[in-house]
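Asks: My structure file entry-v7.cif, mmCIF, C-alpha atoms and all ligand atoms, is below:
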```
data_coords
loop_
_atom_site.label_atom_id
_atom_site.label_comp_id
_atom_site.auth_asym_id
_atom_site.auth_seq_id
_atom_site.Cartn_x
_atom_site.Cartn_y
_atom_site.Cartn_z
CA MET A 95 -7.03 69.69 -27.20
CA ASP A 96 -6.68 66.24 -28.69
CA ARG A 97 -8.47 63.16 -27.37
CA ARG A 98 -5.90 62.51 -24.69
CA SER A 99 -6.93 63.68 -21.24
CA PHE A 100 -4.19 64.62 -18.85
CA ILE A 101 -3.67 63.29 -15.37
CA LYS A 102 -5.80 64.63 -12.51
CA LYS A 103 -3.92 66.82 -10.04
CA THR A 104 -4.88 64.56 -7.15
CA VAL A 105 -3.47 61.48 -8.89
CA LEU A 106 -0.30 63.37 -9.73
CA SER A 107 0.21 64.42 -6.13
CA SER A 108 -0.20 60.84 -4.91
CA PHE A 109 2.39 59.70 -7.50
CA THR A 110 4.69 62.42 -6.20
CA ALA A 111 4.18 61.19 -2.63
CA LEU A 112 4.92 57.60 -3.67
CA ILE A 113 8.03 58.47 -5.65
CA GLY A 114 9.19 60.91 -3.00
CA THR A 115 10.23 63.69 -5.34
CA GLU A 116 8.60 66.10 -7.79
CA ILE A 117 7.73 64.66 -11.19
CA ILE A 118 9.00 67.27 -13.63
CA PHE A 119 6.58 67.44 -16.61
CA GLY A 120 4.08 65.56 -14.40
CA SER A 121 1.25 67.57 -15.93
CA LYS A 122 2.02 65.90 -19.28
CA ILE A 123 1.20 62.42 -17.97
CA ILE A 124 -1.81 60.94 -19.69
CA ASN A 125 -4.77 59.79 -17.63
CA GLY A 126 -4.44 56.12 -16.67
CA TYR A 127 -0.64 55.95 -17.09
CA THR A 128 1.38 54.77 -14.10
CA PRO A 129 4.99 56.00 -13.87
CA LEU A 130 7.57 53.21 -14.10
CA ALA A 131 8.92 54.00 -10.66
CA ILE A 132 5.70 52.77 -9.11
CA GLN A 133 4.86 50.04 -11.63
CA ASP A 134 7.69 48.17 -9.98
CA PRO A 135 6.03 45.65 -7.70
CA ASN A 136 9.16 45.46 -5.58
CA PRO A 137 7.85 46.44 -2.13
CA PHE A 138 11.31 47.24 -0.82
CA LYS A 139 11.76 49.91 -3.48
CA MET A 140 8.14 51.00 -3.41
CA PHE A 141 8.17 51.66 0.34
CA ASN A 142 11.91 52.39 0.74
CA LYS A 143 12.35 49.37 3.00
CA ASN A 144 15.48 47.43 3.86
CA LYS A 145 15.80 44.30 1.70
CA GLY A 146 16.11 42.22 4.87
CA MET A 147 12.46 42.92 5.75
CA VAL A 148 10.07 40.01 5.30
CA VAL A 149 6.82 40.24 3.32
CA LEU A 150 4.09 38.28 5.10
CA ASN A 151 1.28 39.35 2.78
CA ASP A 152 0.93 41.65 -0.22
CA LYS A 153 -2.88 41.98 -0.30
CA PRO A 154 -2.97 43.83 2.00
CA TRP A 155 0.66 44.74 2.59
CA ASN A 156 2.13 43.24 5.76
CA ILE A 157 5.89 43.46 6.04
CA GLU A 158 7.97 42.85 9.15
CA ALA A 159 11.43 43.83 10.34
CA GLN A 160 14.09 41.54 11.76
CA ALA A 161 15.62 42.16 15.18
CA HIS A 162 18.99 43.37 13.86
CA LEU A 163 17.27 45.86 11.52
CA LEU A 164 15.77 47.59 14.57
CA ASP A 165 19.15 48.53 16.05
CA ASP A 166 18.71 52.31 15.66
CA LYS A 167 17.56 54.21 18.72
CA ILE A 168 14.89 55.89 16.61
CA THR A 169 13.54 53.55 13.94
CA PRO A 170 14.11 54.85 10.40
CA ASN A 171 11.39 54.33 7.79
CA SER A 172 13.54 51.66 6.12
CA SER A 173 13.05 49.29 9.09
CA MET A 174 9.48 50.09 10.07
CA PHE A 175 7.04 47.22 9.72
CA ILE A 176 3.94 47.77 7.58
CA ARG A 177 0.53 46.53 8.66
CA ASN A 178 -2.33 47.36 6.33
CA ASN A 179 -5.86 46.01 6.74
CA GLY A 180 -7.07 47.39 3.43
CA ARG A 181 -5.81 49.30 0.42
CA THR A 182 -3.59 52.34 0.78
CA PRO A 183 -5.52 55.44 -0.30
CA GLU A 184 -4.48 56.53 -3.78
CA GLU A 185 -5.48 60.12 -4.23
CA ILE A 186 -4.11 62.20 -1.41
CA ASN A 187 -3.98 65.95 -1.74
CA PRO A 188 -2.64 67.59 1.42
CA LYS A 189 -4.12 70.92 0.31
CA THR A 190 -7.67 69.59 0.39
CA TRP A 191 -7.26 66.99 3.17
CA THR A 192 -9.58 67.57 6.10
CA LEU A 193 -10.10 66.14 9.55
CA THR A 194 -13.62 66.23 10.96
CA ILE A 195 -14.40 65.92 14.66
CA ASP A 196 -17.92 64.62 15.20
CA GLY A 197 -19.82 62.07 17.29
CA GLU A 198 -22.59 61.98 19.91
CA SER A 199 -20.30 63.53 22.50
CA ALA A 200 -18.80 66.33 20.40
CA LYS A 201 -20.28 69.74 21.31
CA ASN A 202 -19.71 70.92 17.76
CA LYS A 203 -18.97 69.11 14.55
CA LYS A 204 -15.84 70.79 13.28
CA THR A 205 -13.70 70.33 10.18
CA TYR A 206 -10.04 71.32 9.97
CA SER A 207 -7.69 71.53 7.03
CA LEU A 208 -4.11 70.35 7.57
CA GLU A 209 -3.10 73.99 7.54
CA ASP A 210 -5.66 74.74 10.31
CA LEU A 211 -4.27 71.95 12.45
CA LYS A 212 -0.69 73.05 11.89
CA SER A 213 -1.34 76.74 12.51
CA LYS A 214 -3.95 76.69 15.32
CA PHE A 215 -2.41 74.19 17.70
CA GLU A 216 0.94 73.80 19.43
CA HIS A 217 3.33 71.25 17.89
CA HIS A 218 4.86 68.43 19.91
CA THR A 219 7.41 65.73 19.10
CA TYR A 220 7.62 62.38 20.91
CA GLN A 221 9.33 59.07 20.29
CA LEU A 222 6.52 56.55 20.51
CA THR A 223 6.64 52.76 20.56
CA LEU A 224 4.03 51.18 18.31
CA GLU A 225 3.72 47.41 18.39
CA CYS A 226 1.10 45.42 16.52
CA GLY A 227 -1.13 43.48 18.94
CA GLY A 228 -0.36 40.37 16.87
CA ASN A 229 3.44 40.68 17.03
CA GLY A 230 4.78 37.21 17.94
CA ARG A 231 1.61 35.45 16.79
CA GLY A 232 3.61 32.89 14.81
CA GLU A 233 4.65 31.05 17.97
CA PHE A 234 1.23 30.23 19.42
CA ASP A 235 -0.01 26.66 19.52
CA PRO A 236 -2.70 25.83 18.56
CA PRO A 237 -1.88 28.39 15.85
CA ALA A 238 -3.90 31.56 15.41
CA LYS A 239 -5.05 32.76 11.99
CA GLY A 240 -3.67 36.04 10.68
CA ASN A 241 -0.24 37.35 9.78
CA GLN A 242 2.38 35.10 11.33
CA TRP A 243 4.47 37.91 12.80
CA THR A 244 7.69 36.80 14.45
CA ILE A 245 9.27 39.67 16.41
CA GLY A 246 9.39 42.42 13.80
CA ALA A 247 6.06 44.24 14.17
CA VAL A 248 7.32 47.01 16.42
CA HIS A 249 8.93 50.39 15.86
CA CYS A 250 9.75 53.54 17.75
CA ALA A 251 9.88 56.53 15.44
CA SER A 252 9.82 60.20 16.33
CA TRP A 253 6.37 61.66 15.61
CA THR A 254 5.49 65.35 15.28
CA GLY A 255 2.00 66.75 15.38
CA VAL A 256 -0.62 68.39 17.52
CA ARG A 257 -2.19 66.92 20.62
CA LEU A 258 -5.44 65.12 19.90
CA ARG A 259 -6.67 66.57 23.20
CA ASP A 260 -6.22 70.15 21.99
CA VAL A 261 -8.24 69.47 18.85
CA LEU A 262 -10.99 67.59 20.71
CA GLU A 263 -11.25 70.43 23.22
CA ASP A 264 -11.45 72.96 20.41
CA ALA A 265 -14.50 71.13 19.05
CA GLY A 266 -15.87 70.71 22.58
CA ILE A 267 -16.19 67.49 24.57
CA LYS A 268 -19.53 66.69 26.22
CA SER A 269 -19.40 65.33 29.76
CA ASP A 270 -20.77 61.94 28.65
CA ALA A 271 -17.80 61.23 26.32
CA VAL A 272 -16.21 57.83 26.92
CA TYR A 273 -14.29 56.87 23.79
CA ILE A 274 -12.94 58.17 20.50
CA GLY A 275 -13.10 56.25 17.22
CA TYR A 276 -11.12 57.04 14.09
CA HIS A 277 -12.14 56.83 10.44
CA ALA A 278 -9.61 56.83 7.64
CA ALA A 279 -9.18 57.08 3.90
CA ASP A 280 -7.94 53.55 3.14
CA THR A 281 -10.42 51.34 1.33
CA HIS A 282 -11.74 47.85 1.94
CA LEU A 283 -10.07 44.98 0.06
CA SER A 284 -13.47 43.98 -1.36
CA GLY A 285 -13.69 47.37 -3.04
CA ASP A 286 -17.02 47.94 -1.28
CA PRO A 287 -16.99 51.69 -0.45
CA SER A 288 -19.48 51.20 2.39
CA LYS A 289 -17.02 49.01 4.30
CA GLU A 290 -14.11 50.32 6.35
CA PRO A 291 -10.97 48.16 6.62
CA ILE A 292 -10.48 49.26 10.22
CA SER A 293 -11.95 51.89 12.54
CA ARG A 294 -10.67 51.62 16.07
CA GLY A 295 -10.17 53.97 18.98
CA CYS A 296 -9.43 54.33 22.68
CA PRO A 297 -11.02 55.56 25.91
CA MET A 298 -11.03 59.33 26.53
CA PRO A 299 -8.20 59.30 29.12
CA LYS A 300 -5.83 57.75 26.55
CA ALA A 301 -7.10 60.09 23.81
CA GLN A 302 -6.39 63.05 26.11
CA GLN A 303 -2.85 62.12 27.14
CA ASP A 304 -0.06 64.59 26.36
CA GLU A 305 1.64 62.07 24.04
CA THR A 306 -1.42 61.14 21.95
CA LEU A 307 -0.85 62.99 18.70
CA LEU A 308 -2.47 63.80 15.43
CA ALA A 309 0.83 63.54 13.62
CA PHE A 310 1.84 65.05 10.30
CA GLY A 311 5.57 64.40 10.64
CA MET A 312 7.76 61.36 11.21
CA ASN A 313 11.50 61.43 11.88
CA GLY A 314 11.62 65.08 10.83
CA LYS A 315 9.88 64.68 7.45
CA ASP A 316 6.35 64.18 6.14
CA ILE A 317 4.97 60.79 7.16
CA PRO A 318 5.66 58.24 4.40
CA LEU A 319 2.46 57.39 2.51
CA ILE A 320 2.37 53.77 3.71
CA HIS A 321 2.60 54.91 7.35
CA GLY A 322 -0.33 57.32 7.18
CA TYR A 323 0.47 60.44 5.16
CA PRO A 324 -0.77 63.13 5.52
CA LEU A 325 -2.28 62.67 9.00
CA ARG A 326 -2.04 59.90 11.53
CA LEU A 327 -3.30 59.27 15.01
CA VAL A 328 -0.43 58.04 17.20
CA ALA A 329 -1.15 56.50 20.59
CA GLY A 330 2.10 54.97 21.88
CA GLY A 331 2.15 51.95 24.20
CA TRP A 332 -1.19 50.58 23.01
CA PRO A 333 -1.74 48.07 20.20
CA ALA A 334 -0.65 49.94 17.09
CA SER A 335 -4.11 49.32 15.61
CA VAL A 336 -5.27 52.28 17.74
CA SER A 337 -2.93 54.52 15.77
CA GLY A 338 -5.11 55.16 12.72
CA LYS A 339 -3.24 55.96 9.50
CA TRP A 340 -4.73 58.41 6.92
CA VAL A 341 -7.24 59.72 9.51
CA ASN A 342 -9.92 62.04 8.22
CA ARG A 343 -12.52 61.79 10.98
CA ILE A 344 -12.50 61.27 14.70
CA SER A 345 -15.76 60.65 16.50
CA ILE A 346 -16.19 61.44 20.18
CA ARG A 347 -18.42 58.62 21.34
CA ASP A 348 -20.77 58.26 24.30
CA LYS A 349 -20.06 54.52 24.34
CA VAL A 350 -17.18 52.20 23.47
CA HIS A 351 -16.48 52.79 19.78
CA ASP A 352 -18.10 50.06 17.68
CA GLY A 353 -16.21 50.49 14.39
CA THR A 354 -14.65 47.72 12.29
CA LYS A 355 -12.25 45.55 14.36
CA MET A 356 -13.47 46.97 17.67
CA THR A 357 -16.10 44.28 18.24
CA GLY A 358 -16.24 40.48 18.45
CA THR A 359 -12.81 38.97 19.02
CA ALA A 360 -10.68 41.52 17.13
CA TYR A 361 -7.90 42.99 19.29
CA ARG A 362 -9.39 41.27 22.32
CA VAL A 363 -8.03 38.60 24.63
CA PRO A 364 -9.83 36.38 27.15
CA CYS A 365 -10.59 38.49 30.25
CA ASN A 366 -9.41 35.50 32.32
CA PRO A 367 -6.77 32.91 31.34
CA VAL A 368 -8.00 29.92 29.31
CA ALA A 369 -6.55 26.55 28.30
CA PRO A 370 -4.92 26.47 24.82
CA GLY A 371 -7.59 25.87 22.18
CA GLU A 372 -10.51 26.54 24.53
CA LYS A 373 -13.64 28.19 23.04
CA ILE A 374 -14.49 31.56 24.57
CA LYS A 375 -17.73 33.52 24.41
CA ASP A 376 -17.49 37.01 22.87
CA GLU A 377 -18.61 38.58 26.15
CA ASP A 378 -15.64 36.98 27.92
CA MET A 379 -13.17 38.74 25.60
CA CYS A 380 -11.66 42.07 26.75
CA ILE A 381 -10.26 44.89 24.59
CA ILE A 382 -6.44 45.08 24.68
CA GLU A 383 -5.26 48.36 26.19
CA SER A 384 -1.66 48.92 27.32
CA MET A 385 0.79 46.47 25.70
CA PRO A 386 2.81 44.14 27.93
CA VAL A 387 6.50 44.48 28.85
CA LYS A 388 8.85 43.26 26.10
CA SER A 389 12.38 43.59 24.74
CA LEU A 390 14.51 42.86 21.71
CA ILE A 391 18.23 42.20 21.22
CA THR A 392 19.14 44.24 18.14
CA TYR A 393 22.90 43.62 18.23
CA PRO A 394 24.50 41.26 17.44
CA LYS A 395 22.47 39.32 14.92
CA THR A 396 21.48 35.81 15.97
CA GLY A 397 24.10 33.27 14.86
CA ALA A 398 27.07 35.54 15.59
CA THR A 399 30.38 33.98 16.55
CA ILE A 400 32.96 35.26 19.01
CA LYS A 401 36.51 34.15 19.85
CA GLU A 402 37.07 32.36 23.13
CA GLY A 403 38.07 34.77 25.90
CA LYS A 404 36.50 37.80 24.22
CA THR A 405 33.64 39.81 25.74
CA LEU A 406 30.38 39.95 23.79
CA TYR A 407 28.67 43.33 23.79
CA ILE A 408 24.89 43.16 23.30
CA ARG A 409 22.32 45.93 23.00
CA GLY A 410 18.65 46.43 22.23
CA HIS A 411 15.43 48.08 23.32
CA ALA A 412 12.78 47.38 25.91
CA TRP A 413 9.29 48.80 26.38
CA ALA A 414 6.32 48.29 28.68
CA GLY A 415 3.14 49.85 27.26
CA GLU A 416 2.02 52.66 29.56
CA LEU A 417 4.69 51.74 32.09
CA GLU A 418 8.47 51.96 32.13
CA VAL A 419 11.02 49.19 32.13
CA SER A 420 12.71 49.17 35.54
CA LYS A 421 15.01 46.16 35.14
CA MET A 422 16.69 44.40 32.26
CA GLU A 423 18.48 41.07 32.60
CA TYR A 424 20.24 38.52 30.43
CA SER A 425 20.82 34.79 30.78
CA ILE A 426 23.29 32.53 28.93
CA ASP A 427 22.07 29.31 30.59
CA PHE A 428 18.51 29.05 29.24
CA GLY A 429 17.04 31.10 32.04
CA SER A 430 18.58 29.32 35.04
CA THR A 431 20.44 32.40 36.23
CA TRP A 432 20.13 36.05 35.28
CA SER A 433 22.52 39.01 35.34
CA ASN A 434 21.71 42.70 35.01
CA CYS A 435 21.97 44.72 31.82
CA SER A 436 22.16 48.48 32.05
CA VAL A 437 19.01 50.21 30.86
CA GLU A 438 18.53 53.88 29.98
CA LYS A 439 15.56 56.06 30.88
CA PRO A 440 13.13 56.62 27.98
CA SER A 441 13.66 59.87 26.08
CA ASN A 442 10.00 60.61 26.85
CA ARG A 443 7.08 58.61 28.23
CA LEU A 444 6.04 55.76 25.88
CA ALA A 445 9.40 55.66 24.04
CA TRP A 446 11.33 52.41 24.09
CA GLN A 447 14.42 52.24 26.32
CA HIS A 448 17.89 51.17 25.30
CA PHE A 449 19.79 48.46 27.14
CA SER A 450 23.24 46.95 26.84
CA ALA A 451 25.45 44.37 28.55
CA SER A 452 28.93 42.91 28.24
CA ILE A 453 28.94 39.13 28.46
CA ASN A 454 31.73 36.64 29.11
CA PHE A 455 31.33 32.96 28.27
CA PRO A 456 32.99 30.17 30.29
CA LYS A 457 34.30 28.13 27.32
CA LYS A 458 33.96 27.28 23.61
CA GLY A 459 30.57 26.05 22.42
CA TYR A 460 26.98 26.96 21.61
CA TYR A 461 25.08 29.45 23.75
CA GLU A 462 21.85 31.37 23.66
CA VAL A 463 21.57 34.86 25.06
CA TRP A 464 18.10 35.50 26.43
CA VAL A 465 16.95 38.88 27.71
CA ARG A 466 14.11 39.68 30.06
CA ALA A 467 12.56 43.06 30.90
CA THR A 468 10.63 43.84 34.08
CA ASP A 469 8.17 46.75 34.26
CA THR A 470 7.57 49.24 37.07
CA ASN A 471 4.74 47.01 38.38
CA SER A 472 7.36 44.22 38.85
CA VAL A 473 5.86 42.19 36.00
CA ALA A 474 8.52 40.41 33.93
CA GLN A 475 8.39 38.87 30.47
CA PRO A 476 7.58 35.14 30.40
CA MET A 477 10.56 33.04 29.31
CA LEU A 478 8.58 31.17 26.66
CA LEU A 479 4.95 31.72 25.64
CA PRO A 480 2.48 33.78 27.66
CA GLY A 481 -1.19 32.76 27.97
CA TRP A 482 -2.72 31.32 24.81
CA ASN A 483 -5.55 33.33 23.24
CA PRO A 484 -7.60 32.57 20.13
CA LYS A 485 -6.31 35.44 17.96
CA GLY A 486 -2.67 35.12 18.96
CA TYR A 487 -2.13 38.53 20.55
CA LEU A 488 0.36 39.79 23.13
CA ASN A 489 3.20 37.28 22.77
CA ASN A 490 5.85 38.98 24.89
CA ALA A 491 8.12 35.95 25.39
CA CYS A 492 11.82 36.64 25.99
CA HIS A 493 13.83 37.33 22.85
CA ARG A 494 16.90 35.17 22.35
CA ILE A 495 19.89 34.96 20.01
CA ALA A 496 22.27 32.09 19.23
CA ILE A 497 25.99 32.66 19.86
CA LYS A 498 28.92 30.36 19.10
CA VAL A 499 32.16 30.79 21.01
CA ILE A 500 34.98 29.51 18.81
N1 LIG B 601 -6.29 53.52 8.47
C1 LIG B 601 -5.62 52.48 8.96
N2 LIG B 601 -4.92 52.64 10.09
C2 LIG B 601 -4.23 51.60 10.61
C3 LIG B 601 -4.23 50.33 9.97
C4 LIG B 601 -4.95 50.20 8.75
O1 LIG B 601 -4.99 49.14 8.12
N3 LIG B 601 -5.62 51.30 8.28
N4 LIG B 601 -3.57 49.28 10.55
C5 LIG B 601 -3.39 49.38 12.01
C6 LIG B 601 -2.57 48.32 12.56
S1 LIG B 601 -3.33 46.84 12.87
C7 LIG B 601 -1.26 48.53 12.89
S2 LIG B 601 -0.34 47.33 13.64
C8 LIG B 601 -0.59 49.82 12.58
C9 LIG B 601 0.61 49.60 11.69
O2 LIG B 601 1.28 50.80 11.47
P1 LIG B 601 2.45 50.89 10.38
O3 LIG B 601 1.99 50.23 9.13
O4 LIG B 601 2.73 52.33 10.23
O5 LIG B 601 3.64 50.17 10.98
O6 LIG B 601 -1.45 50.75 11.94
C10 LIG B 601 -2.79 50.73 12.37
N5 LIG B 601 -3.52 51.79 11.74
MO MO B 602 -1.89 45.55 14.20
#
```
Using structure tokens, write down the structure that the file contains.

Replies:
Amino acid sequence: MDRRSFIKKTVLSSFTALIGTEIIFGSKIINGYTPLAIQDPNPFKMFNKNKGMVVLNDKPWNIEAQAHLLDDKITPNSSMFIRNNGRTPEEINPKTWTLTIDGESAKNKKTYSLEDLKSKFEHHTYQLTLECGGNGRGEFDPPAKGNQWTIGAVHCASWTGVRLRDVLEDAGIKSDAVYIGYHAADTHLSGDPSKEPISRGCPMPKAQQDETLLAFGMNGKDIPLIHGYPLRLVAGGWPASVSGKWVNRISIRDKVHDGTKMTGTAYRVPCNPVAPGEKIKDEDMCIIESMPVKSLITYPKTGATIKEGKTLYIRGHAWAGELEVSKMEYSIDFGSTWSNCSVEKPSNRLAWQHFSASINFPKKGYYEVWVRATDTNSVAQPMLLPGWNPKGYLNNACHRIAIKVI
């Protein structure tokens, strides 16, 4: 052997995951060398994203979609927003990856390999809507700090995995269990290994729902690295921060999980409405659970033109956290009057629903098409902003597009 040391297997396998195909002669790569394909700082290439996506931050990566990019019924990777709180883990080896179930309320501490999870438990596939709690933050006034998401921090992909419930039950759940908390392999931006970028969770009833998965597949393939490869918790209908990427440990807790971004004001809103800008005590902030009713026009793109006398066909998706969307309406007169859209049933619970409508305009000129979803509790989206909150969460205002009739 000469002085050169060759690349570690774990590094090579993470390169392979990033590039998305086998690196022939990969074993010849010298330690410390980064293949050109991933030296490219172009995030669209690096993550296989549509060039129309918008980068809000690169340290950590936060990239959002645009409404028209979310037109597919099942969101492809190319249009899925990215929300990282820390650094993507670099050395992932699916062969040695493990998931540990522990915590005060676990009967046994148990560790599973990916192969154990895949072979011991039944597989399930669900389309699940994941929306960042901060989606729409950019519109709040006074403004809230954080990524200024517009409308693009939502996706509904098809996830395949095992039920979290089945795995928790296999380890044994004590009767005093109230919450689960996840731990993951991403690292803190400071580089401090004792700090976790994020470690959130949910109450036991949500953890034990049929649709709450420990997923290893997305849209029929391995999960892309940036979205949580090789194992991700997916809890549809709740703030997407509950859906831990790169999970390697889940703790069954006898109290509300107190990991990073569970406490203080993170992912919490005032328990009771407050005036914009008002100061709120930590104890008056409540953890966000089910996301509110919301919808998005994904076709046509805002700014479209149509010839006078022609009918405009619109379509999009609507979702309502744990609930279903029961009514979908549109308005072309700034919310004065509303007409019904047709809306499909979800393909499974917690999947977004598809709506469409055919619209006629009275004469030439500028219009806006607004859409409004109503959930099964008869709660509708607010036309403009919902209640202000200090961190800018839960903006479910009606989506609107501009249309010119020419
Ligand atoms: N381990 C880990 N899981 C995580 C995050 C993270 O930074 N690290 N971000 C959370 C947040 S805030 C959101 S909105 C979603 C984003 O999922 P996506 O990047 O796959 O769209 O992942 C959640 N899970
Ligand atoms: Mo988020």

Asks: Counting all atoms listed in the file, name the residues that have an atom within 8 Å of an atom of ligand LIG 601 (chain B); the answer should be given as a PDB file with C-alpha atoms, in the frame of the given file.

Replies:
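Dumped to result14.pdb:
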```pdb
ATOM      1  CA  ASN A 156       2.130  43.240   5.760  1.00  0.00           C
ATOM      2  CA  MET A 174       9.480  50.090  10.070  1.00  0.00           C
ATOM      3  CA  PHE A 175       7.040  47.220   9.720  1.00  0.00           C
ATOM      4  CA  ILE A 176       3.940  47.770   7.580  1.00  0.00           C
ATOM      5  CA  ARG A 177       0.530  46.530   8.660  1.00  0.00           C
ATOM      6  CA  ASN A 178      -2.330  47.360   6.330  1.00  0.00           C
ATOM      7  CA  ASN A 179      -5.860  46.010   6.740  1.00  0.00           C
ATOM      8  CA  GLY A 180      -7.070  47.390   3.430  1.00  0.00           C
ATOM      9  CA  ARG A 181      -5.810  49.300   0.420  1.00  0.00           C
ATOM     10  CA  THR A 182      -3.590  52.340   0.780  1.00  0.00           C
ATOM     11  CA  LEU A 224       4.030  51.180  18.310  1.00  0.00           C
ATOM     12  CA  GLU A 225       3.720  47.410  18.390  1.00  0.00           C
ATOM     13  CA  CYS A 226       1.100  45.420  16.520  1.00  0.00           C
ATOM     14  CA  GLY A 227      -1.130  43.480  18.940  1.00  0.00           C
ATOM     15  CA  GLY A 228      -0.360  40.370  16.870  1.00  0.00           C
ATOM     16  CA  ALA A 247       6.060  44.240  14.170  1.00  0.00           C
ATOM     17  CA  VAL A 248       7.320  47.010  16.420  1.00  0.00           C
ATOM     18  CA  HIS A 249       8.930  50.390  15.860  1.00  0.00           C
ATOM     19  CA  HIS A 277     -12.140  56.830  10.440  1.00  0.00           C
ATOM     20  CA  ALA A 278      -9.610  56.830   7.640  1.00  0.00           C
ATOM     21  CA  ALA A 279      -9.180  57.080   3.900  1.00  0.00           C
ATOM     22  CA  ASP A 280      -7.940  53.550   3.140  1.00  0.00           C
ATOM     23  CA  PRO A 291     -10.970  48.160   6.620  1.00  0.00           C
ATOM     24  CA  ILE A 292     -10.480  49.260  10.220  1.00  0.00           C
ATOM     25  CA  SER A 293     -11.950  51.890  12.540  1.00  0.00           C
ATOM     26  CA  ILE A 320       2.370  53.770   3.710  1.00  0.00           C
ATOM     27  CA  HIS A 321       2.600  54.910   7.350  1.00  0.00           C
ATOM     28  CA  GLY A 322      -0.330  57.320   7.180  1.00  0.00           C
ATOM     29  CA  ARG A 326      -2.040  59.900  11.530  1.00  0.00           C
ATOM     30  CA  PRO A 333      -1.740  48.070  20.200  1.00  0.00           C
ATOM     31  CA  ALA A 334      -0.650  49.940  17.090  1.00  0.00           C
ATOM     32  CA  SER A 335      -4.110  49.320  15.610  1.00  0.00           C
ATOM     33  CA  VAL A 336      -5.270  52.280  17.740  1.00  0.00           C
ATOM     34  CA  SER A 337      -2.930  54.520  15.770  1.00  0.00           C
ATOM     35  CA  GLY A 338      -5.110  55.160  12.720  1.00  0.00           C
ATOM     36  CA  LYS A 339      -3.240  55.960   9.500  1.00  0.00           C
ATOM     37  CA  TRP A 340      -4.730  58.410   6.920  1.00  0.00           C
ATOM     38  CA  VAL A 341      -7.240  59.720   9.510  1.00  0.00           C
TER      39      VAL A 341
END
```

Asks: Applying 12 Å and all atoms listed in the file, which residues near region 443-445 of chain A remain after dropping the ones on its own chain fewer than 4 positions away? List them as number ranges by chain.

Replies: A: 167-169, 219-225, 248-253, 303-306, 328-332, 384-385, 387, 411-419, 438-439

Asks: Of the candidates A:Pro318, A:Pro324, A:Gly403, A:Gly230, which shows the shortest atom-to-atom distance to ligand MO 602 (chain B), using only C-alpha atoms and all ligand atoms?

Replies: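 Selected residue with least distance to ligand MO 602 (chain B): A:Gly230.
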
Asks: Extract, using all atoms listed in the file, all DNA, RNA and protein residues at most 10 Å from Ser425 (chain A), discarding same-chain residues fewer than 2 positions from it, and format them as a tab-separated table (two decimals) with C-alpha atoms, in the coordinates of the input.

Replies:
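Resulting contents of result_27.tsv:
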```tsv
chain	number	residue	atom	x	y	z
A	423	GLU	CA	18.48	41.07	32.60
A	427	ASP	CA	22.07	29.31	30.59
A	428	PHE	CA	18.51	29.05	29.24
A	429	GLY	CA	17.04	31.10	32.04
A	430	SER	CA	18.58	29.32	35.04
A	431	THR	CA	20.44	32.40	36.23
A	432	TRP	CA	20.13	36.05	35.28
A	433	SER	CA	22.52	39.01	35.34
A	434	ASN	CA	21.71	42.70	35.01
A	453	ILE	CA	28.94	39.13	28.46
A	461	TYR	CA	25.08	29.45	23.75
A	462	GLU	CA	21.85	31.37	23.66
A	463	VAL	CA	21.57	34.86	25.06
A	464	TRP	CA	18.10	35.50	26.43
A	465	VAL	CA	16.95	38.88	27.71
A	466	ARG	CA	14.11	39.68	30.06
A	494	ARG	CA	16.90	35.17	22.35
```

Asks: Ranking A:Tyr127, A:Tyr323, A:Tyr361, A:Tyr206 by minimum distance to ligand MO 602 (chain B) and counting only C-alpha atoms and all ligand atoms, which one comes first?

Replies: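 For ligand MO 602 (chain B), the nearest of the given residues is A:Tyr361.
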
Asks: Please list as a count of residues only every residue within 12 Å of Arg362 (chain A), counting all atoms listed in the file and excluding residues in the same chain fewer than 2 positions away.

Replies: 31

Asks: Would you give the centre and edge lengths, in Å to one decimal, of a box along x, y and z around the listed atoms of region 372-377 of chain A, with 3 Å added to each side, as JSON?

Replies:
```
{"center_x": -14.6, "center_y": 32.6, "center_z": 24.5, "size_x": 14.1, "size_y": 18.0, "size_z": 9.3}
```

Asks: How many Å separate CA of Gln302 (chain A) from CA of Asp270 (chain A)?

Replies: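 So the answer is 14.6 Å.
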
Asks: Please determine, counting all atoms listed in the file, which residue among A:Leu479, A:Val105, A:Ile344, A:Leu258 has the shortest atom-to-atom distance to Lys204 (chain A).

Replies: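 Going through A:Leu479, A:Val105, A:Ile344, A:Leu258 one by one, the smallest distance to Lys204 (chain A) is for A:Ile344.
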
Asks: Will you model N, CA and C atoms for region 282-286 of chain A and pass it back as a short mmCIF file (atom, residue, chain, number, x, y, z; two decimals), in the coordinates of the input?

Replies:
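Produced file selection_30.cif, reproduced below:
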```cif
data_model
loop_
_atom_site.label_atom_id
_atom_site.label_comp_id
_atom_site.auth_asym_id
_atom_site.auth_seq_id
_atom_site.Cartn_x
_atom_site.Cartn_y
_atom_site.Cartn_z
N HIS A 282 -11.59 49.27 1.64
CA HIS A 282 -11.74 47.85 1.94
C HIS A 282 -11.24 47.00 0.78
N LEU A 283 -10.63 45.86 1.11
CA LEU A 283 -10.07 44.98 0.06
C LEU A 283 -11.14 44.53 -0.94
N SER A 284 -12.37 44.41 -0.48
CA SER A 284 -13.47 43.98 -1.36
C SER A 284 -13.81 45.04 -2.39
N GLY A 285 -13.34 46.27 -2.15
CA GLY A 285 -13.69 47.37 -3.04
C GLY A 285 -15.03 48.00 -2.66
N ASP A 286 -15.72 47.41 -1.71
CA ASP A 286 -17.02 47.94 -1.28
C ASP A 286 -16.81 49.24 -0.50
#
```
